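Report on the structure given below.
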Amino acid sequence: MATLPSQADAVIIGLGGIVGASVAHHLIEQGWTNLVGLETSAIPSDIGSTAHASDFCFMTSHDRLACYTTTYSQRFYEALGHYHKVGGLEIARIGDEARLAELQRKVASGKAFGTRARMVDADEAVEHFPLLARDQVLGAMWDPDAGLVVPRSQQVAGELVERAVAGGHLSAFAETPALDIDVRDSRVYGVETSKGYVATSRVIITSGIWGPIPAAMGGAALPLMPVEHPLMFFGPFETFAGTGKEIGYPLLRDQGNSAYMRDTGDPTSTEGGQLEWGYYESHEPRLVDPRAILERDQARLSPSMRDLELDQVAEAFERAIELAPVLGELGWDEKHSFNGLLSVTSDGGSLVGESPETRGLWLCEAVWVKDGPGMGKVLADWLTHGRPELDPCGIDIARFYPVQKTPHHVLGRCREIARKIYDPPVHPREPFESGRDLRRGPFWPREQALGGYFMEAAGWERAHGYAANETRLAAYLERVPERPAEWDARHFWRVSNAEHLALSDDVGMINLSHFAIFDIAGHDAEALLERLSVARVGGNTPAGKGVYTHFLDAFGGVHSDLTIVRLAADAWRIICGGDTGHRDLMWIRHRAEEWDLTRWHLADRSDGLATLGLWGPNARHTLQALTDDPEGLDDARFPFATAREIRVQGLPVWAFRISYVGEQGWELYVPFSYGLALWDLLFDAGVIPVGIETYASSRRLEKSLRLQNADLLSDYNLVEAGLARPRVKDVPFHGKAAYLEQRDRAQQPATLCTLVMEEHHDAAGTPRFPVGQSPLLDLDSGEVPVDALGRRSYVTSIAYGPSLGRNIALAYLPPEHAREGRTLRLEYFAEHYPMRVTAVGYRALYDPEGERARG
C-alpha cells in the first residue's frame, strides 16, 4: 500500500471523477510533478455522478466559455479514442414555435462561439433518428460534432489517473476521504486524511455533488445543491445487435418536454441493447442536501443513484411516447432505472477558481461530463499561469457576494435553475423570482410607490423604469417604438426609453446604489493602487480628482473597469459596478498579499453610501437651487471629473462630477440615513426618476461605453478595446510589460467597434430589437470573421438608442472588417440584418465631442 506523502504541491479532493482526473492530467501537462489525489471511494469513482452519467456531449449553448470547454473536451476524448461522434438532434415539436425559435437562436450562438450546429427540417430529423414520429416534429437543430464518451467517462477518468500515477507525478489514494482541511489565518496549510496528514499550500476540490462538504472544511461556502434526475431504461432494443457499437443513432434532445433519449448500442456493449430516456423535472425538482446523500452501504445502487418514483415522470413519459412510440412498446427495466444526482448552482454556472474565503483553496465544481477535460484545462491554466485562455468571469467563484451564498438564498436559486435545465428557454434578461428584495437602497420605497419595474443584480433591486412615468412622460412615450416581437419586448419596458429622452431634454435622477464602493487608506494604499491601475491615481494627482482606470492581468487582459477618486494624501475611493464589485475586491486583496503590501485598510461602503445620478442639461441649475453654495457648482469651481463634499439643504452629500449617460451632472453619494430626504428634495424640484435601463443600456450604447465582463474581457487588451491611454505612466503596474508590447503592435488582432443596424425589419415586416449576443457574418462569405488569435466576431452588447433611433451594437472585428462604413450582417432568429461599422475603437455616436457632459 502506498504511503501518503508528507507534502504535496497540491491535493485534489475528489480525484475519481472525470473532473478531478482531468484537473490532475492538465496540471501535470503544465509541469506539475508532486500532486496527491484523494478519493472517498474507488478510483475511478463508483459512487459519484461520473459513475452513472449518460456521457453525451452536445457542443452548442448560449455561453462562450461553455462552447470552449465542450469543444475542447470533445477533441480531448476523441484524441484518447474514447469518443463516438454520432451527432445530435434537438427537436421542436409540432405546435411549439417557441422551441423552434430557441433552436434558431442556439444555431446563431453556435456560429458566434465556434460550433457547427445548423437547422434541419422534419424529414432530415427523422432520417437522422428513425424512431421519431414524423407528424410530431416541427423542425430540429443538428449538431454534427455531438456524440458519446465511450465506453464510459468513468473509464476515461481511471485511465487519466493511471497515466498520471505511472508518470510519477501523482500519488492517488482510493478509499481515503479528507477528514479536515488545515486552515490558519485564512490560508490552506494541509489536509488531514484517514491515512495521515499531508502538508500543502493548495487544495483543489472536485467533489461534485458532495462539494459543499469539503469546501466547508476549508472555510468556504459553495452555492451548489444536488438535484435528482430521473433516468429510465427500456428494452430489449436489438437494432444494433452484432455491430459492436456503444451507440447507433444520434443523440436526441426533446427539450420542450425537458427530456432526452439515446440508444445504448449493441446488446453486448457496456450498457447495450436498451433505450435510455432521461428527464429533468421542470415543476418541482427534488433538491438534496449534500449531507443527506446516503452512504454506500445504505444505497440500493449507489449514493448518487436514488430510487425512482413513477409519478416524477408519468406525464412527461406519456409525451415521450408520442414522439418516439417505440418507448411504449419496449419493457421498462425498473431494476436499473434510478434518479441520478447532478449538481446545480445558484446561477447555473460552474464554480471554479480560488475561494474568496481561503487562500489556496481552489474549486472546480458543478461541471458536466461534456465539459470535464475543458474545465480541467481552465483550472490548470489558472493555477499555472494566473488565468485561463478565455475570461472566466462567468464561472469564477468570486462572482458571488457572501450574502448570495447563504443557505436560504442558495436553495431558492438552485430550485429555479433546476426547473430550467432544459425548459423553458432562458431569456438573456431573465430575472430570478427567488432571493429578491435582498439588497434595497434607501430610495426603494419611493421607487416602489412610482411603480418601479424591478430587476435584480448582485442582490440589488434596480428599477428599470417607472409606471408613473407612462403618464407623466406620455409625449415622450409616443416617440418610442413598440416592440411587437414578444421576445424583444420581454423584461423591457417602453417607458425606459421615454425616460431616456426626457433626461436629455431636462434633468433626471437614476438610482445607482448598487455600486460597490471601497475606501482604501494607509501607508501602502498609494503603492497598491498605483501598481494595480493603468492610470496614474497617486503621485501628483490632487485630492478630489477622479480617474477612470483599469486593472490588468499579467498578460495585459482587462480584469477590472472602474473609477478611483483621491480623497486625501493617503486615501482613495474605488467605485465599481455592482456585478463586478466582489471580484474586484478579491483582486485587490490578493494582489496586495502577493506584493507584501500590508499597511493599508479597506472600508466597504457599498451598504452605507447610497448613490443618485443627477444628469441632464438642467442638472446644474436644479442642484444650485438646492445647495447651500450655488456658485460652488459653476464649471470653473467644480470641474469635470472632480469630487467634493457639498450640502444640499443641509444634507451631507459627496458629489462627483462625472457622467455615464453623456449629460451634464453629478453622482451624488449620501449616507443611507439621508437617502430619502435627498430623493424627496430632488423629486419635489421636478427631477424625473429615470430607470437604470438608460444608464446601463440605451445611453451606454449611444455613448459607445464599454461594460466589464461583456465588452471588456481578460482575453482582449485595452488597445483592442479602444481604451489605451495617450501616455503610459512611468511607474510600474501589473500587466505593464504586456500592455507596452500590445501598444507597440503595428496592428491589433481585433478592435472593438460600434455598429448600427441599417434595417431592423424581419421578413414579415416586424421591427426587431435584438437582445443578447449574436454572431456577425461577412457580407460575401456568410461566415463569422475570425481574428488572428482565433477569436470570433459577435455582438458583445446591443440596445436600441432612442436618441438616435437605431439599434446600436459593440463587437470586436479583425482588421479587414474594422473599417468605418464596412457592412456586416447580424444573425438573429435565422434572419440577417445589415450592420454598418460607424466607429473603430472608442467614439461616441451621441455627442461625440462630449460637450454636453462637460458643459
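Each chain in the C-alpha cells gets a letter, A, B and so on, in the order shown; residues start at 1 in every chain, and ligands are counted from 1 in the order they appear.
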- Message: as a PyMOL selection string, please: every residue in stretch 114-285 of chain A that a backbone DSSP assignment puts in strand (DSSP E).
- Response: chain A and resi 118-120+137-143+147-149+170-173+178-184+187-193+196-199+203-205+224-235+251-254+259-263+275-279
With 6 Å as the cut-off and only C-alpha atoms counted, what is the closest atom pair between each nearby residue of stretch 316-425 of chain A and stretch 178-202 of chain A? Distances in Å to one decimal, ordered by chain and number, as JSON lines.
{"residue": "A:Thr358", "atom": "CA", "partner": "A:Ser186", "partner_atom": "CA", "distance": 4.8}
{"residue": "A:Arg359", "atom": "CA", "partner": "A:Arg187", "partner_atom": "CA", "distance": 4.6}
{"residue": "A:Gly360", "atom": "CA", "partner": "A:Arg202", "partner_atom": "CA", "distance": 4.4}
{"residue": "A:Leu361", "atom": "CA", "partner": "A:Arg202", "partner_atom": "CA", "distance": 5.9}
Next, write the just-selected residues to a file, as a PDB file, in the first residue's frame, keeping all heavy atoms as the atom set.
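For reference, out_7.pdb as written:
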ATOM      1  N   THR A 358     -10.693  31.624   1.554  1.00  0.00           N
ATOM      2  CA  THR A 358      -9.470  30.934   1.975  1.00  0.00           C
ATOM      3  C   THR A 358      -8.470  30.896   0.837  1.00  0.00           C
ATOM      4  O   THR A 358      -8.755  30.329  -0.224  1.00  0.00           O
ATOM      5  CB  THR A 358      -9.800  29.495   2.422  1.00  0.00           C
ATOM      6  OG1 THR A 358     -10.818  29.525   3.428  1.00  0.00           O
ATOM      7  CG2 THR A 358      -8.566  28.803   2.969  1.00  0.00           C
ATOM      8  N   ARG A 359      -7.298  31.489   1.065  1.00  0.00           N
ATOM      9  CA  ARG A 359      -6.252  31.433   0.044  1.00  0.00           C
ATOM     10  C   ARG A 359      -5.741  30.009  -0.095  1.00  0.00           C
ATOM     11  O   ARG A 359      -5.536  29.291   0.881  1.00  0.00           O
ATOM     12  CB  ARG A 359      -5.061  32.339   0.419  1.00  0.00           C
ATOM     13  CG  ARG A 359      -5.326  33.831   0.440  1.00  0.00           C
ATOM     14  CD  ARG A 359      -5.903  34.372  -0.843  1.00  0.00           C
ATOM     15  NE  ARG A 359      -5.219  34.025  -2.055  1.00  0.00           N
ATOM     16  CZ  ARG A 359      -4.247  34.737  -2.630  1.00  0.00           C
ATOM     17  NH1 ARG A 359      -3.800  35.841  -2.034  1.00  0.00           N
ATOM     18  NH2 ARG A 359      -3.713  34.373  -3.779  1.00  0.00           N
ATOM     19  N   GLY A 360      -5.542  29.599  -1.336  1.00  0.00           N
ATOM     20  CA  GLY A 360      -5.045  28.254  -1.602  1.00  0.00           C
ATOM     21  C   GLY A 360      -6.121  27.208  -1.712  1.00  0.00           C
ATOM     22  O   GLY A 360      -5.823  26.046  -2.007  1.00  0.00           O
ATOM     23  N   LEU A 361      -7.378  27.574  -1.480  1.00  0.00           N
ATOM     24  CA  LEU A 361      -8.486  26.632  -1.617  1.00  0.00           C
ATOM     25  C   LEU A 361      -9.126  26.873  -2.980  1.00  0.00           C
ATOM     26  O   LEU A 361      -9.796  27.869  -3.204  1.00  0.00           O
ATOM     27  CB  LEU A 361      -9.516  26.832  -0.505  1.00  0.00           C
ATOM     28  CG  LEU A 361     -10.681  25.843  -0.501  1.00  0.00           C
ATOM     29  CD1 LEU A 361     -10.202  24.428  -0.187  1.00  0.00           C
ATOM     30  CD2 LEU A 361     -11.755  26.262   0.498  1.00  0.00           C
TER      31      LEU A 361
END
- Query: Which residues, written as a count of residues only, have at least one atom at most 12 Å from stretch 122-135 of chain A, with only C-alpha atoms counted and residues fewer than 3 positions away on the same chain left out?
  - Reply: 44
- Query: What lies within 6 Å of stretch 538-552 of chain A using only C-alpha atoms, ignoring chain neighbours under 2 positions off, as an MDAnalysis selection string?
  - Reply: chainID A and resid 526 532:536 556:568 641:644 735
Convert the current residue selection to file output with N, CA, C and O atoms, as a short mmCIF file (atom, residue, chain, number, x, y, z; two decimals), in the first residue's frame.
data_model
loop_
_atom_site.label_atom_id
_atom_site.label_comp_id
_atom_site.auth_asym_id
_atom_site.auth_seq_id
_atom_site.Cartn_x
_atom_site.Cartn_y
_atom_site.Cartn_z
N GLU A 526 -1.25 54.02 -1.61
CA GLU A 526 -0.83 54.57 -2.90
C GLU A 526 -0.03 53.56 -3.70
O GLU A 526 -0.26 53.38 -4.91
N LEU A 532 -1.78 48.51 -9.17
CA LEU A 532 -2.96 47.88 -9.76
C LEU A 532 -3.43 48.59 -11.02
O LEU A 532 -3.90 47.96 -11.96
N SER A 533 -3.30 49.91 -11.07
CA SER A 533 -4.00 50.73 -12.05
C SER A 533 -3.15 51.08 -13.27
O SER A 533 -1.97 51.42 -13.13
N VAL A 534 -3.78 51.07 -14.42
CA VAL A 534 -3.12 51.54 -15.64
C VAL A 534 -2.90 53.05 -15.58
O VAL A 534 -1.86 53.56 -15.99
N ALA A 535 -3.88 53.77 -15.05
CA ALA A 535 -3.80 55.23 -14.99
C ALA A 535 -3.09 55.68 -13.71
O ALA A 535 -3.00 54.94 -12.73
N ARG A 536 -2.59 56.90 -13.73
CA ARG A 536 -1.94 57.49 -12.55
C ARG A 536 -3.02 57.94 -11.59
O ARG A 536 -3.84 58.82 -11.91
N GLY A 556 -1.91 41.54 -19.76
CA GLY A 556 -2.49 42.74 -20.34
C GLY A 556 -3.98 42.63 -20.60
O GLY A 556 -4.57 43.53 -21.20
N GLY A 557 -4.61 41.54 -20.19
CA GLY A 557 -6.05 41.40 -20.32
C GLY A 557 -6.77 42.29 -19.32
O GLY A 557 -6.25 42.58 -18.24
N VAL A 558 -7.98 42.70 -19.67
CA VAL A 558 -8.73 43.63 -18.83
C VAL A 558 -9.50 42.86 -17.77
O VAL A 558 -10.46 42.15 -18.09
N HIS A 559 -9.10 43.02 -16.53
CA HIS A 559 -9.78 42.34 -15.43
C HIS A 559 -10.86 43.22 -14.81
O HIS A 559 -11.92 42.73 -14.44
N SER A 560 -10.58 44.51 -14.67
CA SER A 560 -11.49 45.41 -13.96
C SER A 560 -11.59 46.75 -14.67
O SER A 560 -10.60 47.25 -15.20
N ASP A 561 -12.78 47.32 -14.62
CA ASP A 561 -13.09 48.61 -15.23
C ASP A 561 -13.76 49.43 -14.14
O ASP A 561 -14.85 49.09 -13.68
N LEU A 562 -13.10 50.51 -13.69
CA LEU A 562 -13.57 51.21 -12.51
C LEU A 562 -13.09 52.65 -12.47
O LEU A 562 -12.34 53.10 -13.34
N THR A 563 -13.54 53.36 -11.45
CA THR A 563 -13.13 54.75 -11.23
C THR A 563 -12.54 54.87 -9.84
O THR A 563 -13.06 54.29 -8.88
N ILE A 564 -11.45 55.61 -9.74
CA ILE A 564 -10.79 55.83 -8.46
C ILE A 564 -10.69 57.33 -8.22
O ILE A 564 -10.22 58.08 -9.09
N VAL A 565 -11.12 57.75 -7.05
CA VAL A 565 -11.08 59.16 -6.68
C VAL A 565 -10.14 59.33 -5.50
O VAL A 565 -10.28 58.62 -4.49
N ARG A 566 -9.21 60.24 -5.62
CA ARG A 566 -8.32 60.51 -4.49
C ARG A 566 -9.06 61.36 -3.47
O ARG A 566 -9.59 62.42 -3.79
N LEU A 567 -9.10 60.88 -2.22
CA LEU A 567 -9.80 61.59 -1.15
C LEU A 567 -8.85 62.45 -0.33
O LEU A 567 -9.25 63.51 0.18
N ALA A 568 -7.62 61.98 -0.17
CA ALA A 568 -6.63 62.70 0.64
C ALA A 568 -5.25 62.18 0.23
O ALA A 568 -5.13 61.35 -0.68
N ALA A 641 -14.87 65.56 -13.65
CA ALA A 641 -14.02 64.51 -13.06
C ALA A 641 -13.41 64.93 -11.74
O ALA A 641 -12.31 64.49 -11.38
N THR A 642 -14.09 65.77 -10.98
CA THR A 642 -13.65 66.10 -9.62
C THR A 642 -14.79 65.83 -8.66
O THR A 642 -15.96 65.74 -9.05
N ALA A 643 -14.44 65.70 -7.38
CA ALA A 643 -15.42 65.36 -6.36
C ALA A 643 -15.13 66.12 -5.08
O ALA A 643 -13.97 66.41 -4.76
N ARG A 644 -16.20 66.45 -4.37
CA ARG A 644 -16.02 67.08 -3.06
C ARG A 644 -17.34 67.04 -2.29
O ARG A 644 -18.40 66.76 -2.85
N GLY A 735 0.81 44.04 -15.32
CA GLY A 735 0.50 43.88 -16.73
C GLY A 735 1.16 44.90 -17.63
O GLY A 735 0.89 44.90 -18.84
#
- Enumerate, as a ChimeraX atom specification, the complete set of residues in stretch 617-798 of chain A that a backbone-based DSSP assignment places in alpha helix (DSSP H). /A:619-624,675-684,692-693,699-702,736-743
Export of prior selection with C-alpha atoms as a compact mmCIF listing (two decimals), in the first residue's frame:
# COMPACT_ATOMS: atom_id res chain seq x y z
CA ALA A 619 -28.82 69.35 -13.66
CA ARG A 620 -26.61 72.23 -12.53
CA HIS A 621 -29.48 74.71 -12.33
CA THR A 622 -31.57 72.23 -10.33
CA LEU A 623 -28.79 71.41 -7.88
CA GLN A 624 -27.80 75.07 -7.46
CA GLY A 675 -31.22 58.99 1.19
CA LEU A 676 -34.97 59.52 1.29
CA ALA A 677 -34.54 63.18 2.16
CA LEU A 678 -32.29 63.71 -0.85
CA TRP A 679 -34.68 61.88 -3.18
CA ASP A 680 -37.63 63.93 -1.93
CA LEU A 681 -35.80 67.23 -2.38
CA LEU A 682 -34.92 66.42 -5.96
CA PHE A 683 -38.33 64.94 -6.78
CA ASP A 684 -40.12 67.99 -5.38
CA ILE A 692 -31.33 52.00 -14.71
CA GLU A 693 -32.10 50.93 -18.30
CA ARG A 699 -27.46 55.64 -23.36
CA ARG A 700 -24.41 53.49 -22.70
CA LEU A 701 -24.59 52.22 -26.26
CA GLU A 702 -25.27 55.67 -27.69
CA LYS A 736 2.62 46.81 -17.90
CA ALA A 737 5.10 44.77 -19.93
CA ALA A 738 2.30 43.10 -21.86
CA TYR A 739 0.47 46.40 -22.25
CA LEU A 740 3.57 48.07 -23.73
CA GLU A 741 4.01 45.21 -26.18
CA GLN A 742 0.36 45.45 -27.20
CA ARG A 743 0.64 49.20 -27.76
Could you give me, as a Markdown table, a per-residue list for stretch 663-734 of chain A showing, wherever an atom lies at most 12 Å from an atom of stretch 789-794 of chain A, the closest pair of atoms and their distance in Å to one decimal, using only C-alpha atoms and sorting by chain then residue number from low to high?
| residue | atom | partner | partner_atom | distance |
| --- | --- | --- | --- | --- |
| A:Ala710 | CA | A:Tyr794 | CA | 11.0 |
| A:Asp711 | CA | A:Tyr794 | CA | 10.5 |
| A:Asp715 | CA | A:Arg791 | CA | 9.2 |
| A:Tyr716 | CA | A:Arg791 | CA | 9.5 |
Expected file: the selected residues, all heavy atoms, as an mmCIF file, in the first residue's frame:
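Writing done, so here's again_21.cif:
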data_model
loop_
_atom_site.group_PDB
_atom_site.id
_atom_site.type_symbol
_atom_site.label_atom_id
_atom_site.label_comp_id
_atom_site.auth_asym_id
_atom_site.auth_seq_id
_atom_site.Cartn_x
_atom_site.Cartn_y
_atom_site.Cartn_z
ATOM 1 N N ALA A 710 -18.572 41.919 -20.486
ATOM 2 C CA ALA A 710 -19.303 41.791 -21.744
ATOM 3 C C ALA A 710 -18.423 42.289 -22.882
ATOM 4 O O ALA A 710 -18.011 41.529 -23.751
ATOM 5 C CB ALA A 710 -20.611 42.568 -21.685
ATOM 6 N N ASP A 711 -18.103 43.580 -22.861
ATOM 7 C CA ASP A 711 -17.253 44.182 -23.889
ATOM 8 C C ASP A 711 -15.780 44.179 -23.491
ATOM 9 O O ASP A 711 -14.906 44.202 -24.360
ATOM 10 C CB ASP A 711 -17.676 45.632 -24.145
ATOM 11 C CG ASP A 711 -19.180 45.786 -24.240
ATOM 12 O OD1 ASP A 711 -19.775 45.112 -25.099
ATOM 13 O OD2 ASP A 711 -19.765 46.543 -23.451
ATOM 14 N N ASP A 715 -9.379 38.214 -22.152
ATOM 15 C CA ASP A 715 -8.721 37.706 -23.356
ATOM 16 C C ASP A 715 -8.685 38.750 -24.480
ATOM 17 O O ASP A 715 -8.334 38.433 -25.614
ATOM 18 C CB ASP A 715 -9.334 36.391 -23.834
ATOM 19 C CG ASP A 715 -10.848 36.375 -23.829
ATOM 20 O OD1 ASP A 715 -11.428 36.633 -22.765
ATOM 21 O OD2 ASP A 715 -11.449 36.092 -24.870
ATOM 22 N N TYR A 716 -9.021 39.983 -24.164
ATOM 23 C CA TYR A 716 -8.796 41.126 -25.051
ATOM 24 C C TYR A 716 -8.014 42.177 -24.274
ATOM 25 O O TYR A 716 -8.056 42.214 -23.038
ATOM 26 C CB TYR A 716 -10.121 41.719 -25.536
ATOM 27 C CG TYR A 716 -10.843 40.855 -26.544
ATOM 28 C CD1 TYR A 716 -11.741 39.870 -26.129
ATOM 29 C CD2 TYR A 716 -10.619 41.007 -27.910
ATOM 30 C CE1 TYR A 716 -12.403 39.068 -27.053
ATOM 31 C CE2 TYR A 716 -11.282 40.210 -28.842
ATOM 32 C CZ TYR A 716 -12.165 39.241 -28.407
ATOM 33 O OH TYR A 716 -12.809 38.449 -29.320
#
- Item | Which residue of A:Asp371, A:Asp307, A:Glu478, A:Glu416 approaches A:Thr71 most closely, using only C-alpha atoms | A:Asp371
- Item | Gap from atom CA of A:Gln404 to atom CA of A:Asn709 - Å, one decimal | 19.1 Å
What lies within 8 Å of stretch 420-426 of chain A using only C-alpha atoms, ignoring chain neighbours under 5 positions off, as a PDB file with N, CA, C and O atoms, in the first residue's frame?
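The result, stored in out.pdb:
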ATOM      1  N   ARG A  99     -40.034  26.827 -29.174  1.00  0.00           N
ATOM      2  CA  ARG A  99     -38.841  25.967 -29.107  1.00  0.00           C
ATOM      3  C   ARG A  99     -38.087  26.009 -30.429  1.00  0.00           C
ATOM      4  O   ARG A  99     -36.850  26.008 -30.437  1.00  0.00           O
ATOM      5  N   GLU A 102     -36.078  29.021 -30.379  1.00  0.00           N
ATOM      6  CA  GLU A 102     -34.938  28.845 -29.486  1.00  0.00           C
ATOM      7  C   GLU A 102     -33.817  28.078 -30.179  1.00  0.00           C
ATOM      8  O   GLU A 102     -32.636  28.371 -30.005  1.00  0.00           O
ATOM      9  N   GLN A 255     -36.222  18.946 -25.645  1.00  0.00           N
ATOM     10  CA  GLN A 255     -36.160  19.885 -24.519  1.00  0.00           C
ATOM     11  C   GLN A 255     -37.500  20.531 -24.190  1.00  0.00           C
ATOM     12  O   GLN A 255     -37.721  20.957 -23.063  1.00  0.00           O
ATOM     13  N   GLY A 256     -38.393  20.602 -25.180  1.00  0.00           N
ATOM     14  CA  GLY A 256     -39.722  21.108 -24.873  1.00  0.00           C
ATOM     15  C   GLY A 256     -40.461  20.212 -23.897  1.00  0.00           C
ATOM     16  O   GLY A 256     -41.402  20.649 -23.227  1.00  0.00           O
ATOM     17  N   ASN A 257     -40.034  18.975 -23.793  1.00  0.00           N
ATOM     18  CA  ASN A 257     -40.564  18.022 -22.819  1.00  0.00           C
ATOM     19  C   ASN A 257     -39.575  17.797 -21.684  1.00  0.00           C
ATOM     20  O   ASN A 257     -39.727  16.874 -20.885  1.00  0.00           O
ATOM     21  N   SER A 258     -38.527  18.602 -21.659  1.00  0.00           N
ATOM     22  CA  SER A 258     -37.490  18.522 -20.625  1.00  0.00           C
ATOM     23  C   SER A 258     -36.844  17.136 -20.568  1.00  0.00           C
ATOM     24  O   SER A 258     -36.525  16.630 -19.494  1.00  0.00           O
ATOM     25  N   ALA A 259     -36.637  16.541 -21.755  1.00  0.00           N
ATOM     26  CA  ALA A 259     -36.174  15.152 -21.792  1.00  0.00           C
ATOM     27  C   ALA A 259     -35.137  14.938 -22.896  1.00  0.00           C
ATOM     28  O   ALA A 259     -34.974  15.767 -23.790  1.00  0.00           O
ATOM     29  N   TYR A 280     -35.618  15.952 -16.805  1.00  0.00           N
ATOM     30  CA  TYR A 280     -35.332  16.949 -15.774  1.00  0.00           C
ATOM     31  C   TYR A 280     -36.660  17.527 -15.298  1.00  0.00           C
ATOM     32  O   TYR A 280     -37.400  18.120 -16.095  1.00  0.00           O
ATOM     33  N   SER A 282     -39.262  19.868 -14.295  1.00  0.00           N
ATOM     34  CA  SER A 282     -39.325  21.308 -14.506  1.00  0.00           C
ATOM     35  C   SER A 282     -40.325  22.017 -13.598  1.00  0.00           C
ATOM     36  O   SER A 282     -40.406  23.249 -13.620  1.00  0.00           O
TER      37      SER A 282
END
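Using only C-alpha atoms, the residues found no farther than 8 Å from stretch 607-609 of chain A, other than those of its own chain fewer than 6 positions away, are Ser513, Ile517, Tyr669, Val670, Pro671 and Phe672 of chain A.
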Can you write just those residues out, N, CA and C atoms, as an mmCIF file, in the first residue's frame?
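Saved file again.cif follows:
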data_model
loop_
_atom_site.group_PDB
_atom_site.id
_atom_site.type_symbol
_atom_site.label_atom_id
_atom_site.label_comp_id
_atom_site.auth_asym_id
_atom_site.auth_seq_id
_atom_site.Cartn_x
_atom_site.Cartn_y
_atom_site.Cartn_z
ATOM 1 N N SER A 513 -27.398 52.920 -6.358
ATOM 2 C CA SER A 513 -26.975 52.410 -5.055
ATOM 3 C C SER A 513 -26.409 51.012 -5.113
ATOM 4 N N ILE A 517 -18.493 50.135 -3.462
ATOM 5 C CA ILE A 517 -17.663 51.292 -3.097
ATOM 6 C C ILE A 517 -16.687 50.869 -2.008
ATOM 7 N N TYR A 669 -23.466 61.036 -3.662
ATOM 8 C CA TYR A 669 -23.307 59.968 -2.679
ATOM 9 C C TYR A 669 -23.741 60.501 -1.323
ATOM 10 N N VAL A 670 -24.587 59.729 -0.652
ATOM 11 C CA VAL A 670 -25.165 60.202 0.601
ATOM 12 C C VAL A 670 -25.317 59.013 1.549
ATOM 13 N N PRO A 671 -25.074 59.172 2.835
ATOM 14 C CA PRO A 671 -25.334 58.071 3.770
ATOM 15 C C PRO A 671 -26.780 57.599 3.651
ATOM 16 N N PHE A 672 -26.983 56.311 3.830
ATOM 17 C CA PHE A 672 -28.318 55.747 3.673
ATOM 18 C C PHE A 672 -29.361 56.516 4.489
#
- Message: Please list as a PyMOL selection string every residue within 8 Å of A:Phe56, counting only C-alpha atoms and excluding residues in the same chain fewer than 6 positions away.
- Response: chain A and resi 146-149+251+369-370
Given only C-alpha atoms, how would the per-residue table for stretch 339-444 of chain A near stretch 9-16 of chain A read, listing every residue at most 12 Å away with its closest atom pair and distance in Å to one decimal, sorted by chain and number, as JSON lines?
{"residue": "A:Gly360", "atom": "CA", "partner": "A:Ala10", "partner_atom": "CA", "distance": 9.1}
{"residue": "A:Leu361", "atom": "CA", "partner": "A:Ala10", "partner_atom": "CA", "distance": 9.8}
{"residue": "A:Trp362", "atom": "CA", "partner": "A:Ile12", "partner_atom": "CA", "distance": 9.3}
{"residue": "A:Leu363", "atom": "CA", "partner": "A:Ile12", "partner_atom": "CA", "distance": 9.6}
{"residue": "A:Cys364", "atom": "CA", "partner": "A:Ile12", "partner_atom": "CA", "distance": 10.1}
{"residue": "A:Glu365", "atom": "CA", "partner": "A:Gly14", "partner_atom": "CA", "distance": 10.3}
{"residue": "A:Gly376", "atom": "CA", "partner": "A:Leu15", "partner_atom": "CA", "distance": 11.6}
{"residue": "A:Ala380", "atom": "CA", "partner": "A:Ala10", "partner_atom": "CA", "distance": 11.3}
{"residue": "A:Leu383", "atom": "CA", "partner": "A:Ala10", "partner_atom": "CA", "distance": 10.3}
{"residue": "A:Thr384", "atom": "CA", "partner": "A:Asp9", "partner_atom": "CA", "distance": 11.7}
- Item | Two-atom distance - atom CA of A:Val731, atom CA of A:Gly386 (Å) | 22.4 Å
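Between atom CA of A:Gly691 and atom CA of A:Ala625 there is a distance of 23.8 Å.
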